[in-house]
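Novice: Here it is, the structure, as structure tokens.
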Amino acid sequence: MTKNIFIASAEPYTGKSVIAFGMINMLLAKTQKVGYFKPIIAQDDPNKKDEHVEAMLDYFSLPVNYEDAFAFTRQEMLHQSEDSGTIINTIISKYKKLEDNYDFTVIEGSDFLGEGMAFEFESNALMAKNLGAPVLIVVSGKNKTASQLFKSAINIYRNFLLRDVQVLGVVANMVNPEEAERIKQALSNQLPAELLIAVIPTETGLQSPTMKEITLALGGEVLFGSELLDNQVDNFVTGAMMLPNFLRHIKDNLLIVTPGDRGDIIIGALQANLSANYPKIAGIVLTAGSLPDEPIIKLIEGLQTIIPIIAVQKGTFETTTTIGGIHSKITIENKKKIAVAIELFEKYVDIKALDDKIITFSYQGITPHMFQYQLVKWAKRDKKHIVLPEGNDERILKAVEKLITQDIVDITLLGDPIEITNTIKRLGLNLDTNTLKIHNPGQSAHYNDYVNTLHELRKAKNVNLEMARDMMTDVSYFGTMMVYKGDADGMVSGAVHTTQHTIRPALQFVKTKPGVSVVSSIFFMCLPERVAIFGDCAVNPNPTAQQLAEIAISSAESSAKFGIEPRIAMLSYSSGTSGEGEDVERVREATAIVKARHPELKIEGPIQYDAAVDPLVGKQKLPGSEVAGRASVLIFPDLNTGNNTYKAVQRETGALAIGPMLQGLNKPINDLSRGCTVDDIFNTVVITAIQCQDN
């Protein structure tokens, strides 16, 4: 049985990290305990951690101590007086301590930087062989012809075979997109049929350095815009021409390299960045140690939106040469690049074929990472269109960038297009405002049609045409009408508006599903080792027994839809027949209603929280119960209990709470908390998209 895999290359800058991030993400969707080990790291400064290892451990919250994730630094290896046998023994010893704690371990080979490349290849082959790890070879197509890439891949494969190392597959990375298919076919024809062959085209978003990387490489001083140093630089141009000609050269994510005395270029660039008619500018580098004149500095200081401006001592030629030679890294703070890397891996590597080659442990249950991985996968299966009424909120726009980058959903934003475009530019987001759908309700082509529809639907409730016109300028009404009319599949709001403001239009004309009388909500509580469903924690203050029963049934249906086996606990302050009182009787009656309507459901109630989730307590209080100690769906008796409990669990355990997700409406409309984070918005949009797949 394979419990590990060794990701190896035989040259520098192959983009192995794309494969490493993708592999760990794939494995965490299947099993809970995944380890990461990089025997030799390129840690130049002993006081700083290896950026790649740090990013890997942090992004996936892997329970591996940094010191346990490697055996030697590259400098230690090259200056080792010990023989290779002692070095390998040290690596094996350290790896084995790690391996014992994990179901599967991803091992990443060294980076082949500088001298000693032949030695590094031998040591990588020796490590893979001694650790019993099959190898996944990564070769780079950057600056290579198809023929050169093909020969390189074949040679590396043969060299591993000569050393009796098992090879699982070959990944050609950073390949010219126009030649990708031809290269894949050529490799498939020449390599054994059982090998996995993958070809990943060049992705600009991964190759392009950030302003922070450029600042460090140049030893520059940040004058303005330090909060936007994550801006990605896709192109750069020297500002040595007249301003009108310079403006013609502006492209997306452009870096301008110019002497500090070119005030016209600096101001022109800042104005172009503010203009809706020009692409986003990533930053400005001022060369030769010259700074702008005092009036220009004063003008920049008074601007609301400032792009990164850095000053360097080097001349323009030396500066542009240095920038051109930067190899961008995936670091701990650049979550966007990590998401792009994982997306590339999933798109171009046959995950099922790879999975078939590595027999992995199958975890019984569902971990938070598995759950989130599955959510995104399900949402992509049938891409839906979601409307976000709060289009100018910064958190909404940052979440939209993630959603569109990963191609999960189509998005429509509501609000003033100019304001939204300016906010996107100010935040430095990678969103194409020319293709992004933005509607200002009162000026939309749909406005009159929506007004007439609302009037027809609500005239019996004394809503006249003028009132309908006024209501339809409200983003919540407009967004809900988009969903009602089928111009969007679902809506997510509430980052700015109250719950009532968000769901009132839905209750007025979207209405509830047949057989459902109450709209309720659930949270997906991603606890350290499992995912539980909490309901209702957001909508119904004091549900009746009938309403509690409906909430339980709706929550069980949602649980099953999202891959969690429903075992329902109807919570109360007593378990079984031990307690009395009006509140306990209401829970007891609700449990009986559920059993009568759905005898196939596993349900227990009344039951206390500890008896519902702790196997020892559950066995003691309710022996023989199918639910006690194993509950996955927890139904709270009232909103006060539910809302406080979910927040207490979230804060005290660090659990991720995804939701609330509304249940019972004819169309998916979901509410956010006004304290929501970017990740909260992202996750709520994803679950809304999955809900849409049933409509």
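Residues are referred to by chain and number: the chain letter is A, B, ... according to the order shown in the structure tokens, the number counts from 1 in that chain, and ligands are numbered separately from 1 in the order shown.
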Under the rule of at most 10 Å, produce a per-residue listing of segment 296-340 of chain A near segment 191-209 of chain A: chain, number, name, the closest pair of atoms, and the distance in Å, as a Markdown table, using only C-alpha atoms.
Specialist:
| residue | atom | partner | partner_atom | distance |
| --- | --- | --- | --- | --- |
| A:Ile323 | CA | A:Pro209 | CA | 8.6 |
| A:Gly324 | CA | A:Pro209 | CA | 9.6 |
| A:Ile326 | CA | A:Pro209 | CA | 7.0 |
| A:His327 | CA | A:Pro209 | CA | 7.1 |
| A:Ser328 | CA | A:Pro209 | CA | 4.7 |
| A:Lys329 | CA | A:Pro209 | CA | 7.6 |
| A:Ile330 | CA | A:Leu206 | CA | 7.8 |
| A:Lys336 | CA | A:Gly205 | CA | 9.1 |
| A:Lys337 | CA | A:Leu206 | CA | 6.1 |
| A:Ile338 | CA | A:Leu206 | CA | 8.8 |
| A:Val340 | CA | A:Leu206 | CA | 7.4 |
Novice: Could you write those residues out with N, CA and C atoms, as a PDB file, in the first residue's frame?
Specialist:
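To be explicit, this is the file written out as result.pdb:
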ATOM      1  N   ILE A 323      14.048  43.176 -12.624  1.00  0.00           N
ATOM      2  CA  ILE A 323      12.619  42.815 -12.611  1.00  0.00           C
ATOM      3  C   ILE A 323      12.356  41.636 -13.543  1.00  0.00           C
ATOM      4  N   GLY A 324      12.970  41.671 -14.722  1.00  0.00           N
ATOM      5  CA  GLY A 324      12.767  40.593 -15.695  1.00  0.00           C
ATOM      6  C   GLY A 324      13.294  39.247 -15.215  1.00  0.00           C
ATOM      7  N   ILE A 326      13.143  38.125 -12.027  1.00  0.00           N
ATOM      8  CA  ILE A 326      12.510  37.665 -10.778  1.00  0.00           C
ATOM      9  C   ILE A 326      11.693  36.398 -11.031  1.00  0.00           C
ATOM     10  N   HIS A 327      11.903  35.391 -10.199  1.00  0.00           N
ATOM     11  CA  HIS A 327      11.082  34.175 -10.217  1.00  0.00           C
ATOM     12  C   HIS A 327      10.092  34.274  -9.058  1.00  0.00           C
ATOM     13  N   SER A 328       8.843  34.494  -9.383  1.00  0.00           N
ATOM     14  CA  SER A 328       7.836  34.700  -8.340  1.00  0.00           C
ATOM     15  C   SER A 328       7.607  33.430  -7.528  1.00  0.00           C
ATOM     16  N   LYS A 329       7.417  33.610  -6.223  1.00  0.00           N
ATOM     17  CA  LYS A 329       7.171  32.480  -5.327  1.00  0.00           C
ATOM     18  C   LYS A 329       5.741  32.525  -4.803  1.00  0.00           C
ATOM     19  N   ILE A 330       5.260  31.349  -4.404  1.00  0.00           N
ATOM     20  CA  ILE A 330       3.965  31.288  -3.723  1.00  0.00           C
ATOM     21  C   ILE A 330       4.256  31.374  -2.235  1.00  0.00           C
ATOM     22  N   LYS A 336      -4.170  34.153  -2.887  1.00  0.00           N
ATOM     23  CA  LYS A 336      -4.734  34.173  -4.240  1.00  0.00           C
ATOM     24  C   LYS A 336      -3.944  33.251  -5.170  1.00  0.00           C
ATOM     25  N   LYS A 337      -2.606  33.308  -5.063  1.00  0.00           N
ATOM     26  CA  LYS A 337      -1.773  32.453  -5.917  1.00  0.00           C
ATOM     27  C   LYS A 337      -1.936  30.981  -5.555  1.00  0.00           C
ATOM     28  N   ILE A 338      -2.100  30.704  -4.255  1.00  0.00           N
ATOM     29  CA  ILE A 338      -2.301  29.313  -3.839  1.00  0.00           C
ATOM     30  C   ILE A 338      -3.594  28.773  -4.440  1.00  0.00           C
ATOM     31  N   VAL A 340      -5.019  29.763  -7.178  1.00  0.00           N
ATOM     32  CA  VAL A 340      -4.801  29.581  -8.625  1.00  0.00           C
ATOM     33  C   VAL A 340      -4.034  28.281  -8.873  1.00  0.00           C
TER      34      VAL A 340
END
Novice: Taking 4 positions as the minimum chain separation for residues in the same chain, which residues sit within 6 Å of segment 640-648 of chain A when counting only C-alpha atoms? Answer as an NGL selection string.
Specialist: :A and (537 or 636 or 652)
Novice: Using only C-alpha atoms, which of A:Ile635, A:Ile658, A:Leu168, A:Ile267 sits nearest Leu527 of chain A?
Specialist: A:Ile658
Novice: Identify which of the residues A:Ala8, A:Val106, A:Leu427, A:Ala592 lies closest to Ser123 of chain A, counting only C-alpha atoms when measuring atom-to-atom distances.
Specialist: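 Checking each candidate against Ser123 of chain A, we get A:Ala8 as the closest.
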Novice: Do a neighbour search on Val584 of chain A at 12 Å with only C-alpha atoms, toss out local chain neighbours closer than 3 positions, and write the hits as a VMD selection string.
Specialist: chain A and resid 544 to 545 570 to 581 587 to 591 605 to 608 636 to 638
Novice: Near Leu229 of chain A, within 10 Å and counting only C-alpha atoms, which residues show up once chain neighbours fewer than 6 positions away are dropped, as a PDB file with N, CA, C and O atoms, in the first residue's frame?
Specialist:
ATOM      1  N   THR A 210       4.795  39.955  -7.433  1.00  0.00           N
ATOM      2  CA  THR A 210       4.007  40.994  -6.768  1.00  0.00           C
ATOM      3  C   THR A 210       4.892  42.223  -6.564  1.00  0.00           C
ATOM      4  O   THR A 210       6.129  42.152  -6.675  1.00  0.00           O
ATOM      5  N   MET A 211       4.275  43.340  -6.217  1.00  0.00           N
ATOM      6  CA  MET A 211       5.049  44.550  -5.926  1.00  0.00           C
ATOM      7  C   MET A 211       5.972  44.327  -4.728  1.00  0.00           C
ATOM      8  O   MET A 211       7.061  44.900  -4.657  1.00  0.00           O
ATOM      9  N   LYS A 212       5.554  43.476  -3.801  1.00  0.00           N
ATOM     10  CA  LYS A 212       6.399  43.184  -2.639  1.00  0.00           C
ATOM     11  C   LYS A 212       7.669  42.461  -3.081  1.00  0.00           C
ATOM     12  O   LYS A 212       8.780  42.795  -2.631  1.00  0.00           O
ATOM     13  N   GLU A 213       7.524  41.461  -3.975  1.00  0.00           N
ATOM     14  CA  GLU A 213       8.695  40.721  -4.466  1.00  0.00           C
ATOM     15  C   GLU A 213       9.636  41.648  -5.226  1.00  0.00           C
ATOM     16  O   GLU A 213      10.868  41.548  -5.110  1.00  0.00           O
ATOM     17  N   ILE A 214       9.060  42.555  -6.018  1.00  0.00           N
ATOM     18  CA  ILE A 214       9.878  43.498  -6.789  1.00  0.00           C
ATOM     19  C   ILE A 214      10.614  44.455  -5.848  1.00  0.00           C
ATOM     20  O   ILE A 214      11.804  44.742  -6.032  1.00  0.00           O
ATOM     21  N   THR A 215       9.922  44.919  -4.813  1.00  0.00           N
ATOM     22  CA  THR A 215      10.542  45.824  -3.833  1.00  0.00           C
ATOM     23  C   THR A 215      11.736  45.150  -3.156  1.00  0.00           C
ATOM     24  O   THR A 215      12.803  45.753  -3.005  1.00  0.00           O
ATOM     25  N   VAL A 222       9.566  51.900   0.010  1.00  0.00           N
ATOM     26  CA  VAL A 222       8.156  52.139  -0.310  1.00  0.00           C
ATOM     27  C   VAL A 222       7.791  53.558   0.108  1.00  0.00           C
ATOM     28  O   VAL A 222       7.840  53.908   1.284  1.00  0.00           O
ATOM     29  N   ALA A 282      -0.348  48.462 -11.627  1.00  0.00           N
ATOM     30  CA  ALA A 282       0.099  47.723 -10.442  1.00  0.00           C
ATOM     31  C   ALA A 282       0.967  48.583  -9.519  1.00  0.00           C
ATOM     32  O   ALA A 282       0.896  48.462  -8.303  1.00  0.00           O
ATOM     33  N   GLY A 283       1.797  49.447 -10.120  1.00  0.00           N
ATOM     34  CA  GLY A 283       2.681  50.251  -9.290  1.00  0.00           C
ATOM     35  C   GLY A 283       3.669  51.046 -10.123  1.00  0.00           C
ATOM     36  O   GLY A 283       3.689  50.955 -11.355  1.00  0.00           O
ATOM     37  N   ILE A 307      -1.496  53.992  -5.666  1.00  0.00           N
ATOM     38  CA  ILE A 307      -0.879  52.713  -6.016  1.00  0.00           C
ATOM     39  C   ILE A 307       0.517  52.660  -5.391  1.00  0.00           C
ATOM     40  O   ILE A 307       1.070  53.698  -5.029  1.00  0.00           O
ATOM     41  N   PRO A 308       1.106  51.472  -5.243  1.00  0.00           N
ATOM     42  CA  PRO A 308       2.456  51.407  -4.672  1.00  0.00           C
ATOM     43  C   PRO A 308       3.473  52.184  -5.509  1.00  0.00           C
ATOM     44  O   PRO A 308       3.541  52.016  -6.726  1.00  0.00           O
ATOM     45  N   ILE A 309       4.214  53.040  -4.835  1.00  0.00           N
ATOM     46  CA  ILE A 309       5.305  53.787  -5.483  1.00  0.00           C
ATOM     47  C   ILE A 309       6.561  53.517  -4.667  1.00  0.00           C
ATOM     48  O   ILE A 309       6.600  53.781  -3.462  1.00  0.00           O
ATOM     49  N   GLY A 428      -7.216  47.078  -5.715  1.00  0.00           N
ATOM     50  CA  GLY A 428      -6.231  46.329  -6.508  1.00  0.00           C
ATOM     51  C   GLY A 428      -6.694  44.927  -6.853  1.00  0.00           C
ATOM     52  O   GLY A 428      -5.879  44.004  -6.955  1.00  0.00           O
TER      53      GLY A 428
END
Novice: Would you list the contacts of Phe21 of chain A as a VMD selection string, taking every protein, DNA or RNA residue within 8 Å and counting only C-alpha atoms, but skipping same-chain residues closer than 5 positions in sequence?
Specialist: chain A and resid 56 338 341 to 342
Novice: Do you know which residues are at most 8 Å from segment 274-280 of chain A counting only C-alpha atoms, after dropping those on the same chain fewer than 4 positions away, and could you put them as a ChimeraX atom specification?
Specialist: /A:250-254,270,305,418,421-422,425,428
Novice: Next, the residues of the selection above should be written as a PDB file, in the first residue's frame with C-alpha atoms.
Specialist:
ATOM      1  CA  ILE A 250      -0.891  50.972 -20.505  1.00  0.00           C
ATOM      2  CA  LYS A 251      -1.921  47.326 -20.087  1.00  0.00           C
ATOM      3  CA  ASP A 252      -3.528  45.361 -17.257  1.00  0.00           C
ATOM      4  CA  ASN A 253      -1.457  45.123 -14.060  1.00  0.00           C
ATOM      5  CA  LEU A 254       1.284  47.342 -15.495  1.00  0.00           C
ATOM      6  CA  LEU A 270      -2.211  57.833 -11.131  1.00  0.00           C
ATOM      7  CA  THR A 305      -6.406  55.998  -4.068  1.00  0.00           C
ATOM      8  CA  ILE A 418     -18.699  53.744 -11.489  1.00  0.00           C
ATOM      9  CA  THR A 421     -15.303  50.037 -10.646  1.00  0.00           C
ATOM     10  CA  ASN A 422     -13.449  52.630  -8.548  1.00  0.00           C
ATOM     11  CA  LYS A 425      -9.299  49.599  -8.665  1.00  0.00           C
ATOM     12  CA  GLY A 428      -6.231  46.329  -6.508  1.00  0.00           C
TER      13      GLY A 428
END
Novice: Would you return as an MDAnalysis selection string the members of segment 333-562 of chain A that DSSP assigns to alpha helix (DSSP H) on this structure's backbone?
Specialist: chainID A and resid 335:348 351:357 368:381 394:405 417:427 447:458 465:471 475:485 499:505 545:561
Novice: Can you list, as an MDAnalysis selection string, all residues belonging to segment 144-319 of chain A that DSSP tags as strand (DSSP E)?
Specialist: chainID A and resid 167:175 196:201 221:224 235:238 254:259 281:287 309:311
Novice: Please dump the current selection as a short mmCIF file (atom, residue, chain, number, x, y, z; two decimals), in the first residue's frame; keep N, CA and C atoms.
Specialist:
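Final file, result-v7.cif:
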data_model
loop_
_atom_site.label_atom_id
_atom_site.label_comp_id
_atom_site.auth_asym_id
_atom_site.auth_seq_id
_atom_site.Cartn_x
_atom_site.Cartn_y
_atom_site.Cartn_z
N VAL A 167 8.24 5.27 -10.87
CA VAL A 167 7.69 6.55 -11.35
C VAL A 167 6.20 6.38 -11.61
N LEU A 168 5.39 7.27 -11.01
CA LEU A 168 3.94 7.23 -11.22
C LEU A 168 3.50 8.02 -12.44
N GLY A 169 4.20 9.12 -12.70
CA GLY A 169 3.76 9.95 -13.82
C GLY A 169 4.72 11.09 -14.10
N VAL A 170 4.43 11.81 -15.18
CA VAL A 170 5.24 12.96 -15.60
C VAL A 170 4.30 14.14 -15.82
N VAL A 171 4.63 15.26 -15.19
CA VAL A 171 3.86 16.50 -15.36
C VAL A 171 4.74 17.52 -16.05
N ALA A 172 4.30 17.96 -17.23
CA ALA A 172 4.99 19.04 -17.94
C ALA A 172 4.30 20.34 -17.56
N ASN A 173 5.03 21.21 -16.89
CA ASN A 173 4.44 22.44 -16.35
C ASN A 173 4.92 23.66 -17.13
N MET A 174 4.16 24.74 -17.08
CA MET A 174 4.50 26.02 -17.74
C MET A 174 4.76 25.83 -19.23
N VAL A 175 3.83 25.14 -19.87
CA VAL A 175 3.94 24.82 -21.30
C VAL A 175 3.21 25.87 -22.13
N LEU A 196 0.92 8.28 -15.53
CA LEU A 196 0.05 9.44 -15.60
C LEU A 196 0.80 10.54 -16.36
N ILE A 197 0.16 11.10 -17.37
CA ILE A 197 0.76 12.20 -18.14
C ILE A 197 -0.14 13.42 -17.98
N ALA A 198 0.44 14.54 -17.56
CA ALA A 198 -0.32 15.78 -17.44
C ALA A 198 0.49 16.93 -18.02
N VAL A 199 -0.20 17.84 -18.70
CA VAL A 199 0.46 19.02 -19.28
C VAL A 199 -0.29 20.25 -18.79
N ILE A 200 0.42 21.14 -18.09
CA ILE A 200 -0.19 22.34 -17.52
C ILE A 200 0.32 23.57 -18.27
N PRO A 201 -0.56 24.30 -18.94
CA PRO A 201 -0.13 25.50 -19.67
C PRO A 201 0.38 26.59 -18.73
N GLU A 221 12.64 51.37 -1.51
CA GLU A 221 11.96 52.02 -0.38
C GLU A 221 10.52 52.32 -0.80
N VAL A 222 9.57 51.90 0.01
CA VAL A 222 8.16 52.14 -0.31
C VAL A 222 7.79 53.56 0.11
N LEU A 223 7.41 54.38 -0.88
CA LEU A 223 7.02 55.77 -0.60
C LEU A 223 5.52 55.89 -0.34
N PHE A 224 4.73 55.17 -1.15
CA PHE A 224 3.27 55.22 -1.03
C PHE A 224 2.68 53.84 -1.33
N ASN A 235 2.99 43.08 -16.60
CA ASN A 235 3.77 43.76 -17.65
C ASN A 235 4.52 44.92 -17.00
N PHE A 236 5.62 45.35 -17.64
CA PHE A 236 6.25 46.59 -17.18
C PHE A 236 6.73 47.39 -18.38
N VAL A 237 6.78 48.73 -18.19
CA VAL A 237 7.17 49.62 -19.27
C VAL A 237 8.01 50.75 -18.67
N THR A 238 8.98 51.25 -19.42
CA THR A 238 9.76 52.39 -18.95
C THR A 238 9.08 53.67 -19.41
N LEU A 254 0.03 46.80 -14.96
CA LEU A 254 1.28 47.34 -15.49
C LEU A 254 2.14 47.95 -14.39
N LEU A 255 3.46 47.72 -14.47
CA LEU A 255 4.43 48.40 -13.61
C LEU A 255 5.15 49.44 -14.46
N ILE A 256 5.22 50.66 -13.94
CA ILE A 256 5.88 51.74 -14.68
C ILE A 256 7.23 52.00 -14.03
N VAL A 257 8.29 51.95 -14.83
CA VAL A 257 9.65 52.22 -14.35
C VAL A 257 10.07 53.56 -14.95
N THR A 258 10.33 54.54 -14.08
CA THR A 258 10.62 55.89 -14.59
C THR A 258 11.46 56.66 -13.57
N PRO A 259 12.27 57.60 -14.02
CA PRO A 259 13.00 58.44 -13.05
C PRO A 259 12.02 59.27 -12.22
N ILE A 281 -3.30 49.80 -12.97
CA ILE A 281 -1.84 49.92 -12.88
C ILE A 281 -1.39 49.29 -11.56
N ALA A 282 -0.35 48.46 -11.63
CA ALA A 282 0.10 47.72 -10.44
C ALA A 282 0.97 48.58 -9.52
N GLY A 283 1.80 49.45 -10.12
CA GLY A 283 2.68 50.25 -9.29
C GLY A 283 3.67 51.05 -10.12
N ILE A 284 4.49 51.83 -9.43
CA ILE A 284 5.50 52.67 -10.08
C ILE A 284 6.83 52.47 -9.36
N VAL A 285 7.92 52.32 -10.14
CA VAL A 285 9.27 52.27 -9.58
C VAL A 285 10.02 53.52 -10.05
N LEU A 286 10.50 54.29 -9.11
CA LEU A 286 11.28 55.50 -9.42
C LEU A 286 12.76 55.16 -9.33
N THR A 287 13.49 55.34 -10.42
CA THR A 287 14.88 54.87 -10.51
C THR A 287 15.90 55.96 -10.20
N ILE A 309 4.21 53.04 -4.84
CA ILE A 309 5.31 53.79 -5.48
C ILE A 309 6.56 53.52 -4.67
N ILE A 310 7.60 52.95 -5.32
CA ILE A 310 8.84 52.65 -4.61
C ILE A 310 10.01 53.36 -5.28
N ALA A 311 10.99 53.70 -4.47
CA ALA A 311 12.19 54.37 -4.97
C ALA A 311 13.38 53.43 -4.86
#
Novice: Residues near Phe104 of chain A, anyone? I mean within 6 Å using only C-alpha atoms, not counting same-chain ones fewer than 5 positions away, as a ChimeraX atom specification.
Specialist: /A:3-4,34
Novice: Could you turn the residues from that selection into a file that holds all heavy atoms, as a short mmCIF file (atom, residue, chain, number, x, y, z; two decimals), in the first residue's frame?
Specialist:
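The result, written out as part28.cif:
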data_model
loop_
_atom_site.label_atom_id
_atom_site.label_comp_id
_atom_site.auth_asym_id
_atom_site.auth_seq_id
_atom_site.Cartn_x
_atom_site.Cartn_y
_atom_site.Cartn_z
N LYS A 3 1.78 4.94 0.89
CA LYS A 3 1.40 5.92 1.90
C LYS A 3 2.09 7.24 1.68
O LYS A 3 2.02 8.14 2.52
CB LYS A 3 1.73 5.39 3.31
CG LYS A 3 0.74 4.37 3.83
CD LYS A 3 0.92 4.16 5.32
CE LYS A 3 0.55 5.42 6.08
NZ LYS A 3 0.65 5.23 7.56
N ASN A 4 2.80 7.36 0.54
CA ASN A 4 3.49 8.60 0.28
C ASN A 4 3.71 8.79 -1.21
O ASN A 4 3.51 7.87 -2.01
CB ASN A 4 4.84 8.64 1.03
CG ASN A 4 5.71 7.43 0.69
OD1 ASN A 4 5.51 6.76 -0.31
ND2 ASN A 4 6.70 7.16 1.54
N VAL A 34 -2.98 14.31 6.76
CA VAL A 34 -2.02 14.38 5.66
C VAL A 34 -0.77 15.11 6.15
O VAL A 34 -0.85 16.18 6.75
CB VAL A 34 -2.61 15.11 4.44
CG1 VAL A 34 -1.56 15.25 3.34
CG2 VAL A 34 -3.84 14.38 3.92
#
Novice: Expressed in Å to a single decimal, how great is the separation between atom CA of Ser9 of chain A and atom CA of Asn89 of chain A?
Specialist: 22.0 Å
Novice: Pick from A:Val451, A:Leu375, A:Leu634, A:Met481: nearest to Ala556 of chain A, with only C-alpha atoms counted?
Specialist: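 Closest candidate: A:Leu634.
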